[in-house]
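For reference, the structure is listed below as structure tokens.
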Amino acid sequence: EDEEIAAFEVLGRSGELKLINRQSARGTTSCYLDVNKAGNALVVANYSSGSVASLPVGKDGALGKAAAFFQHEGSSINPARQNEPHAHSIVISPDGRFAYAADLGTDQVLIYRLDADTAKLAVNDPAYAKTPAGAGPRHLTFDPQGKFVYVINELSNSVTVFEQDANTGGLKEKQTISTLPADFDGKSYCADLKITPDGKYLYGTNRGHDSIAGYRIGDDGLLTLIGIEPSLGKGPQNLAISPDGRWLLCANMPGKNVAVFGIEATTGKLTAAGPVVDVASPSCLMLLP
């Protein structure tokens, strides 16, 4: 049965939530949502069914029925994890013209055009970019200028850098760099990545090695490793960076805690900022303004 997306209204200073409505996500194990800056279009990735959809958002916050739906197709070289599509995230470009879906099962970043007025997605030309075989792309993010796309690969423990063609929406691979030490031979799987607001540094999580890899972002978009620091808990699942770029929060989901790190402004090095905070299985962090 298809998952549902719920729309809520935040009630005043109390912060209580009032349900507005629900709509079908048109797929199963829905795992990622994004909303455009105008606030009138929502996109969703469905992991288990390997599909994406878009829904209109009314001025009152209510969701309309899906305006577009696309079933991904294909597979890749890892028989245990890539025998079918698995859409793991979908992100709207900063200019609002495109949506990019990372599909772990097909080693593709699929590219869609977005019509914000109708909330409809359409297959772009080019329709996708490939990650290295067996990479398993999971999450992606743009640099603040919207020129480069960074994809964290769950299965190969790496980050792939793409340059975006602003006219066509196409992606050109520029680099793939490991998130793990060269001498590590255990099992580990990447999860999330975030970029500082000034676009200088990128961080990605390793579940298994239980660490956070930090990189300096060059003017050409390429990454240089700063260091790999312990995440202070098992299975770092999600990251958040404060709006001033001074602090990084890490949700260690099976470790049942949230760790806070200071970001050194001139080097990007992470330093633990006090003891961890116990939280029951934290999965996603969001900092409110």
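Just so we're on the same page: first chain in the structure tokens is A, next is B, and so on; residues restart at 1 for each chain, and ligands are numbered from 1 in the order they show up.
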Legend entry - Ile241 (chain A) environment, 12 Å, only C-alpha atoms, sequence neighbours closer than 2 positions dropped, as a ChimeraX atom specification: /A:193-199,201-204,238-239,243-251,259-263,270,285-288
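Residues in contact with region 74-81 of chain A at 12 Å, where only C-alpha atoms are counted and same-chain residues fewer than 3 positions away are skipped, are listed as Tyr47, Ser48, Gly50, Ser51, Gln71, Glu84, Pro85, His86, Ala87, Asp103, Leu104, Gly105, Thr106, Asp107, Gln108, Leu110, Lys130, Thr131, Pro132, Ala133, Gly134, Ala135, Gly136, Pro137, Glu154, Leu155 and Ser156 of chain A.
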Which neighbours of region 164-181 of chain A fall inside 10 Å, counting only C-alpha atoms, when residues of the same chain fewer than 6 positions from it are skipped, and could you give them as an mmCIF file with C-alpha atoms, in the first residue's frame?
```cif
data_model
loop_
_atom_site.group_PDB
_atom_site.id
_atom_site.type_symbol
_atom_site.label_atom_id
_atom_site.label_comp_id
_atom_site.auth_asym_id
_atom_site.auth_seq_id
_atom_site.Cartn_x
_atom_site.Cartn_y
_atom_site.Cartn_z
ATOM 1 C CA SER A 93 17.868 22.856 -7.526
ATOM 2 C CA ASP A 95 16.914 27.996 -9.037
ATOM 3 C CA ARG A 97 13.974 24.592 -12.374
ATOM 4 C CA PHE A 98 15.138 21.010 -11.824
ATOM 5 C CA ALA A 99 14.795 18.124 -9.368
ATOM 6 C CA TYR A 100 17.555 15.534 -8.919
ATOM 7 C CA VAL A 109 21.059 10.626 -10.463
ATOM 8 C CA LEU A 110 17.852 11.097 -12.434
ATOM 9 C CA ILE A 111 17.089 14.607 -13.660
ATOM 10 C CA TYR A 112 13.612 16.113 -13.918
ATOM 11 C CA ARG A 113 12.366 19.518 -15.017
ATOM 12 C CA ASN A 124 14.826 16.096 -18.569
ATOM 13 C CA ASP A 125 17.199 15.823 -21.527
ATOM 14 C CA PRO A 126 19.706 14.563 -20.417
ATOM 15 C CA ALA A 127 17.585 12.274 -18.239
ATOM 16 C CA TYR A 128 20.277 11.149 -15.801
ATOM 17 C CA ALA A 129 23.920 11.084 -14.793
ATOM 18 C CA LYS A 130 25.748 7.922 -13.751
ATOM 19 C CA THR A 131 27.743 7.395 -10.582
ATOM 20 C CA PRO A 132 30.544 4.793 -10.539
ATOM 21 C CA ALA A 135 28.405 3.285 -5.709
ATOM 22 C CA PHE A 142 24.201 21.689 -3.977
ATOM 23 C CA GLY A 146 24.149 26.101 -7.259
ATOM 24 C CA LYS A 147 26.996 25.216 -9.616
ATOM 25 C CA PHE A 148 28.121 21.884 -8.173
ATOM 26 C CA VAL A 149 26.199 18.823 -6.973
ATOM 27 C CA TYR A 150 27.693 16.545 -4.318
ATOM 28 C CA VAL A 151 26.392 12.966 -4.010
ATOM 29 C CA ILE A 152 27.251 10.660 -1.108
ATOM 30 C CA ASN A 153 27.456 7.006 -2.154
ATOM 31 C CA SER A 156 31.145 2.511 -2.068
ATOM 32 C CA ASN A 157 31.757 4.929 0.839
ATOM 33 C CA SER A 158 32.556 7.896 -1.362
ATOM 34 C CA SER A 188 30.763 0.676 6.469
ATOM 35 C CA TYR A 189 27.990 2.533 4.658
ATOM 36 C CA CYS A 190 27.635 6.253 4.048
ATOM 37 C CA TYR A 203 31.041 16.671 5.731
ATOM 38 C CA GLY A 204 29.792 13.114 5.213
ATOM 39 C CA THR A 205 28.948 10.248 7.576
ATOM 40 C CA ASN A 206 30.300 6.683 7.746
ATOM 41 C CA HIS A 209 33.513 3.150 10.702
ATOM 42 C CA SER A 211 32.981 8.693 11.691
ATOM 43 C CA ILE A 212 32.541 11.994 9.884
ATOM 44 C CA ALA A 213 34.747 12.779 6.894
ATOM 45 C CA GLY A 214 35.484 16.450 6.330
ATOM 46 C CA TYR A 215 36.606 18.096 3.075
ATOM 47 C CA ASP A 220 36.774 24.397 -8.910
ATOM 48 C CA GLY A 221 34.331 22.419 -6.736
ATOM 49 C CA LEU A 222 36.795 19.595 -6.060
ATOM 50 C CA LEU A 223 37.209 18.125 -2.578
ATOM 51 C CA THR A 224 40.373 17.807 -0.492
ATOM 52 C CA LEU A 225 40.223 15.661 2.645
ATOM 53 C CA GLY A 227 40.319 14.617 8.236
ATOM 54 C CA ILE A 228 38.068 11.797 9.438
#
```
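CA of Ile5 (chain A) is found 10.6 Å from CA of Ala66 (chain A).
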Legend entry - Best match for closeness to Gly58 (chain A) among A:Ser89, A:Gln237, A:Thr118, A:Ser283, counting only C-alpha atoms: A:Thr118
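Relative to CA of His139 (chain A), CA of Asp185 (chain A) is found at 23.5 Å.
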Inset, instruction - Run DSSP on the backbone of this structure and report the residues of region 48-262 of chain A it assigns to strand (DSSP E or B), as a PyMOL selection string. - result: chain A and resi 51-57+63+68-71+87-92+98-103+108-115+120-130+137-142+148-153+158-164+171-178+189-195+201-207+211-217+223-230+236-241+247-252+257-262
Legend entry - Spatial neighbours of Ala7 (chain A), max dist 12 Å, only C-alpha atoms, sep filter under 5 positions, as a PyMOL selection string: chain A and resi 17-24+33+35+42+55-58+60-64
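Of the residues listed (A:Val123, A:Thr160, A:Tyr32, A:Val10), A:Val123 shows the shortest atom-to-atom separation from Phe70 (chain A); distances use only C-alpha atoms.
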Legend entry - Which residue of A:Leu121, A:Ala45, A:Ala67, A:Ile90 approaches Thr141 (chain A) most closely, using only C-alpha atoms: A:Ile90
Inset, instruction - Just give me the gap between CA of Pro236 (chain A) and CA of Ala182 (chain A) in Å, one decimal is fine. - result: 19.8 Å
Legend entry - Spatial neighbours of Lys59 (chain A), max dist 12 Å, only C-alpha atoms, sep filter under 5 positions, as a ChimeraX atom specification: /A:9,20,38-41,64
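Shortest atom-to-atom contact with Ser49 (chain A) among A:Ala25, A:Ala68, A:Ala280, A:Met253: A:Ala25, counting only C-alpha atoms.
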